[in-house]
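Here the structure comes first, spelled out in structure tokens, and everything after it is commentary.
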Amino acid sequence: DRLNKEISDREGANNDLVARMDSQNEDRARDIEELRTRMMKENAFLKNLADKSLGVFFDAYRTKAYDGGGEENLTFNGTYCNVGGGFDPDTGIFTAPAGGSYLFMFHIATHDNKKALLSIRKNGEEIASIFDQNHKDNHKNSMAGQTIIINVARGDEIVVYAYTGTWLADFPMNHYTHWVGILLKPSVDECNLMKKQIEEGIEEPVATNGY
């Protein structure tokens with residue numbers, strides 16, 4: 001009986017040990033599977049990130065003089081590029097397809113002996129201005145411009161607004177007026193949204209303009 005009890009106790013202890021080892025192995029297997037899944041998601045994110053240009057930029061121009069009288073958004077006749085599809089030359093409105101820090105540049109040539117007063121606006125609020133008064137004593141035309149870097153949220157609208165009395169010189173072969181916008185760095189929210197979309201397998205339609 002004593003020997004049988006010893007054998008039984010040892011078998012019980014051995015079974016307990018096996019059960020604990022099996023439980024630990026299952027926990028390790030779950031940990032390894034979770035790690036593998038996380039690494040696959042991160043690899044997919046990095047691969048998708050490498051395939052994306054993250055580029056948003058446009059360069060719009062005019063081909064004819066502006067003498068519209070002002071008090072309106074300046075419109076444009078075409079674009080050299082419009083990656084991200086955020087700019088509408090017909091309305092002059094740039095709607096940010098992604099949030100982040102943007103560089104905007106605007107350059108003009110004033111009309112003969114006329115003035116130019118324009119502003120860069122975000123969601124209707126003036127954030128920078130361009131001014132050039134006529135120079136009757138020394139020359140008829142002059143170049144003027146403005147460059148800014150601002151934080152923009154997805155969906156914000158950026159325009160160039162012309163005030164009363166603004167005249168601009170432009171010709172079909174001489175595009176003096178240029179309106180340029182470039183996304184320098186996506187915002188943290190934009191990067192997190194992109195990561196979430198990749199992890200969930202959600203892809204937004206790609207807006208293009210010949211690119």
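Residue numbering restarts at 1 for every chain of the structure tokens, chains are lettered A, B, ... in their displayed order, and ligands are numbered from 1 as they appear.
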What residues in stretch 120-200 of chain A get the DSSP label helix (DSSP H, G or I)? Please answer as a count of residues only. 12
Compile the contact shell of A:Leu74 as an mmCIF file with N, CA, C and O atoms, in the first residue's frame: residues with an atom at most 9 Å away, counting only C-alpha atoms, same-chain residues fewer than 3 positions apart removed.
data_model
loop_
_atom_site.group_PDB
_atom_site.id
_atom_site.type_symbol
_atom_site.label_atom_id
_atom_site.label_comp_id
_atom_site.auth_asym_id
_atom_site.auth_seq_id
_atom_site.Cartn_x
_atom_site.Cartn_y
_atom_site.Cartn_z
ATOM 1 N N TYR A 66 -5.913 89.747 -65.125
ATOM 2 C CA TYR A 66 -7.068 89.815 -64.225
ATOM 3 C C TYR A 66 -7.465 91.272 -64.059
ATOM 4 O O TYR A 66 -6.669 92.122 -63.646
ATOM 5 N N GLY A 70 -12.155 92.643 -58.316
ATOM 6 C CA GLY A 70 -11.870 92.214 -56.956
ATOM 7 C C GLY A 70 -13.087 91.789 -56.158
ATOM 8 O O GLY A 70 -14.182 91.598 -56.705
ATOM 9 N N THR A 91 -12.610 77.312 -59.288
ATOM 10 C CA THR A 91 -13.077 78.074 -58.121
ATOM 11 C C THR A 91 -11.922 78.734 -57.377
ATOM 12 O O THR A 91 -12.147 79.637 -56.568
ATOM 13 N N GLY A 92 -10.689 78.264 -57.636
ATOM 14 C CA GLY A 92 -9.529 78.778 -56.925
ATOM 15 C C GLY A 92 -9.388 78.227 -55.518
ATOM 16 O O GLY A 92 -8.541 78.681 -54.751
ATOM 17 N N ILE A 93 -10.194 77.228 -55.169
ATOM 18 C CA ILE A 93 -10.200 76.694 -53.799
ATOM 19 C C ILE A 93 -9.319 75.453 -53.706
ATOM 20 O O ILE A 93 -9.466 74.522 -54.503
ATOM 21 N N LEU A 118 -4.094 91.496 -52.482
ATOM 22 C CA LEU A 118 -4.676 90.158 -52.368
ATOM 23 C C LEU A 118 -4.321 89.575 -50.999
ATOM 24 O O LEU A 118 -3.402 90.051 -50.323
ATOM 25 N N VAL A 159 -7.558 79.785 -50.079
ATOM 26 C CA VAL A 159 -7.785 80.515 -51.331
ATOM 27 C C VAL A 159 -6.903 81.759 -51.360
ATOM 28 O O VAL A 159 -6.381 82.197 -50.334
ATOM 29 N N VAL A 160 -6.772 82.311 -52.561
ATOM 30 C CA VAL A 160 -6.225 83.663 -52.737
ATOM 31 C C VAL A 160 -7.404 84.572 -53.049
ATOM 32 O O VAL A 160 -8.154 84.332 -54.001
ATOM 33 N N TYR A 161 -7.538 85.612 -52.245
ATOM 34 C CA TYR A 161 -8.678 86.531 -52.388
ATOM 35 C C TYR A 161 -8.188 87.867 -52.939
ATOM 36 O O TYR A 161 -7.214 88.444 -52.440
ATOM 37 N N ALA A 162 -8.865 88.353 -53.982
ATOM 38 C CA ALA A 162 -8.505 89.634 -54.609
ATOM 39 C C ALA A 162 -9.432 90.737 -54.100
ATOM 40 O O ALA A 162 -10.660 90.587 -54.121
#
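Using only C-alpha atoms for every distance, the candidate list A:Asn174, A:Thr166, A:Thr79, A:Ser187 yields A:Thr166 as the residue closest to A:Ala116.
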With only C-alpha atoms as the counted atoms, please give the residues lying no more than 10 Å from A:Thr95, apart from itself and same-chain residues fewer than 6 positions off, as a PyMOL selection string. chain A and resi 84-88+122-123+152-159
Skip A:Trp179 itself and residues of its chain fewer than 2 positions away, then list as a VMD selection string all residues within 9 Å of it, counting only C-alpha atoms. chain A and resid 58 to 61 76 104 to 108 160 177 181
Report the distance between atom CA of A:Cys191 and atom CA of A:Arg121 in Å, rounded to one decimal place. 25.6 Å
12 Å contact set for A:Leu184, only C-alpha atoms, chain neighbours under 3 positions out, as a PyMOL selection string: chain A and resi 53-57+98-104+148-152+181+187
Put those residues in a file: all heavy atoms, as a compact mmCIF listing (two decimals), in the first residue's frame.
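Saved result, out-v6.txt, follows:
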# COMPACT_ATOMS: atom_id res chain seq x y z
N SER A 53 3.18 57.94 -51.66
CA SER A 53 4.06 59.09 -51.78
C SER A 53 3.84 60.09 -50.65
O SER A 53 4.71 60.89 -50.34
CB SER A 53 3.81 59.80 -53.12
OG SER A 53 2.55 60.42 -53.13
N LEU A 54 2.65 60.02 -50.03
CA LEU A 54 2.25 61.01 -49.03
C LEU A 54 2.30 62.43 -49.60
O LEU A 54 2.35 63.41 -48.88
CB LEU A 54 3.14 60.93 -47.77
CG LEU A 54 3.06 59.64 -46.96
CD1 LEU A 54 4.03 59.71 -45.78
CD2 LEU A 54 1.66 59.41 -46.46
N GLY A 55 2.33 62.50 -50.93
CA GLY A 55 2.48 63.79 -51.59
C GLY A 55 1.15 64.48 -51.83
O GLY A 55 0.19 63.87 -52.31
N VAL A 56 1.09 65.74 -51.44
CA VAL A 56 -0.01 66.64 -51.81
C VAL A 56 0.65 67.94 -52.25
O VAL A 56 1.33 68.59 -51.45
CB VAL A 56 -0.96 66.90 -50.63
CG1 VAL A 56 -2.05 67.89 -51.06
CG2 VAL A 56 -1.58 65.61 -50.11
N PHE A 57 0.49 68.29 -53.52
CA PHE A 57 1.06 69.54 -54.00
C PHE A 57 0.38 69.96 -55.29
O PHE A 57 -0.16 69.13 -56.02
CB PHE A 57 2.58 69.45 -54.19
CG PHE A 57 3.05 68.28 -55.02
CD1 PHE A 57 3.18 68.39 -56.40
CD2 PHE A 57 3.37 67.07 -54.41
CE1 PHE A 57 3.62 67.32 -57.16
CE2 PHE A 57 3.81 65.99 -55.17
CZ PHE A 57 3.94 66.11 -56.54
N ALA A 98 -5.39 66.09 -46.92
CA ALA A 98 -4.69 65.53 -45.77
C ALA A 98 -4.26 66.66 -44.85
O ALA A 98 -3.90 67.74 -45.31
CB ALA A 98 -3.48 64.71 -46.21
N GLY A 99 -4.32 66.41 -43.56
CA GLY A 99 -3.90 67.41 -42.59
C GLY A 99 -2.38 67.41 -42.43
O GLY A 99 -1.73 66.39 -42.63
N GLY A 100 -1.82 68.56 -42.06
CA GLY A 100 -0.39 68.63 -41.83
C GLY A 100 0.14 70.04 -42.00
O GLY A 100 -0.62 71.02 -42.04
N SER A 101 1.45 70.16 -42.10
CA SER A 101 2.10 71.46 -42.30
C SER A 101 2.30 71.68 -43.80
O SER A 101 2.88 70.83 -44.48
CB SER A 101 3.45 71.49 -41.58
OG SER A 101 3.28 71.32 -40.19
N TYR A 102 1.82 72.81 -44.28
CA TYR A 102 1.87 73.13 -45.72
C TYR A 102 2.69 74.39 -45.95
O TYR A 102 2.68 75.33 -45.15
CB TYR A 102 0.47 73.38 -46.27
CG TYR A 102 -0.34 72.15 -46.56
CD1 TYR A 102 -0.98 71.45 -45.54
CD2 TYR A 102 -0.50 71.67 -47.87
CE1 TYR A 102 -1.74 70.33 -45.80
CE2 TYR A 102 -1.27 70.56 -48.14
CZ TYR A 102 -1.89 69.89 -47.10
OH TYR A 102 -2.65 68.77 -47.37
N LEU A 103 3.36 74.39 -47.10
CA LEU A 103 4.02 75.59 -47.62
C LEU A 103 3.17 76.13 -48.77
O LEU A 103 2.83 75.38 -49.69
CB LEU A 103 5.42 75.26 -48.12
CG LEU A 103 6.15 76.34 -48.93
CD1 LEU A 103 6.57 77.48 -48.01
CD2 LEU A 103 7.36 75.76 -49.64
N PHE A 104 2.83 77.42 -48.71
CA PHE A 104 2.08 78.07 -49.79
C PHE A 104 2.90 79.25 -50.30
O PHE A 104 3.45 80.03 -49.52
CB PHE A 104 0.72 78.56 -49.31
CG PHE A 104 -0.25 77.46 -48.98
CD1 PHE A 104 -0.47 77.08 -47.67
CD2 PHE A 104 -0.93 76.79 -49.99
CE1 PHE A 104 -1.36 76.06 -47.36
CE2 PHE A 104 -1.82 75.77 -49.71
CZ PHE A 104 -2.04 75.40 -48.38
N ILE A 148 4.29 81.38 -47.05
CA ILE A 148 3.92 81.07 -45.67
C ILE A 148 3.97 79.56 -45.43
O ILE A 148 3.88 78.76 -46.36
CB ILE A 148 2.51 81.58 -45.31
CG1 ILE A 148 1.45 80.95 -46.23
CG2 ILE A 148 2.43 83.09 -45.36
CD1 ILE A 148 0.03 81.23 -45.81
N ILE A 149 4.14 79.19 -44.17
CA ILE A 149 4.01 77.79 -43.73
C ILE A 149 2.97 77.78 -42.61
O ILE A 149 3.12 78.48 -41.61
CB ILE A 149 5.34 77.22 -43.22
CG1 ILE A 149 6.38 77.19 -44.35
CG2 ILE A 149 5.14 75.81 -42.67
CD1 ILE A 149 7.76 76.73 -43.90
N ILE A 150 1.92 76.99 -42.79
CA ILE A 150 0.84 76.93 -41.80
C ILE A 150 0.40 75.49 -41.59
O ILE A 150 0.60 74.63 -42.43
CB ILE A 150 -0.38 77.78 -42.23
CG1 ILE A 150 -0.91 77.29 -43.60
CG2 ILE A 150 -0.05 79.25 -42.27
CD1 ILE A 150 -2.23 77.95 -43.99
N ASN A 151 -0.22 75.26 -40.44
CA ASN A 151 -0.83 73.96 -40.15
C ASN A 151 -2.25 73.96 -40.69
O ASN A 151 -3.01 74.90 -40.47
CB ASN A 151 -0.84 73.70 -38.64
CG ASN A 151 0.55 73.46 -38.09
OD1 ASN A 151 1.40 72.86 -38.76
ND2 ASN A 151 0.81 73.93 -36.89
N VAL A 152 -2.58 72.90 -41.40
CA VAL A 152 -3.88 72.78 -42.06
C VAL A 152 -4.51 71.45 -41.67
O VAL A 152 -3.82 70.42 -41.62
CB VAL A 152 -3.72 72.87 -43.60
CG1 VAL A 152 -5.04 72.61 -44.30
CG2 VAL A 152 -3.15 74.22 -44.00
N GLY A 181 1.11 75.13 -53.59
CA GLY A 181 0.93 74.56 -52.25
C GLY A 181 1.61 73.21 -52.16
O GLY A 181 1.52 72.40 -53.09
N SER A 187 0.17 65.48 -40.45
CA SER A 187 -0.05 65.62 -39.02
C SER A 187 -0.04 64.25 -38.35
O SER A 187 -0.16 63.20 -39.00
CB SER A 187 -1.39 66.30 -38.76
OG SER A 187 -2.46 65.48 -39.22
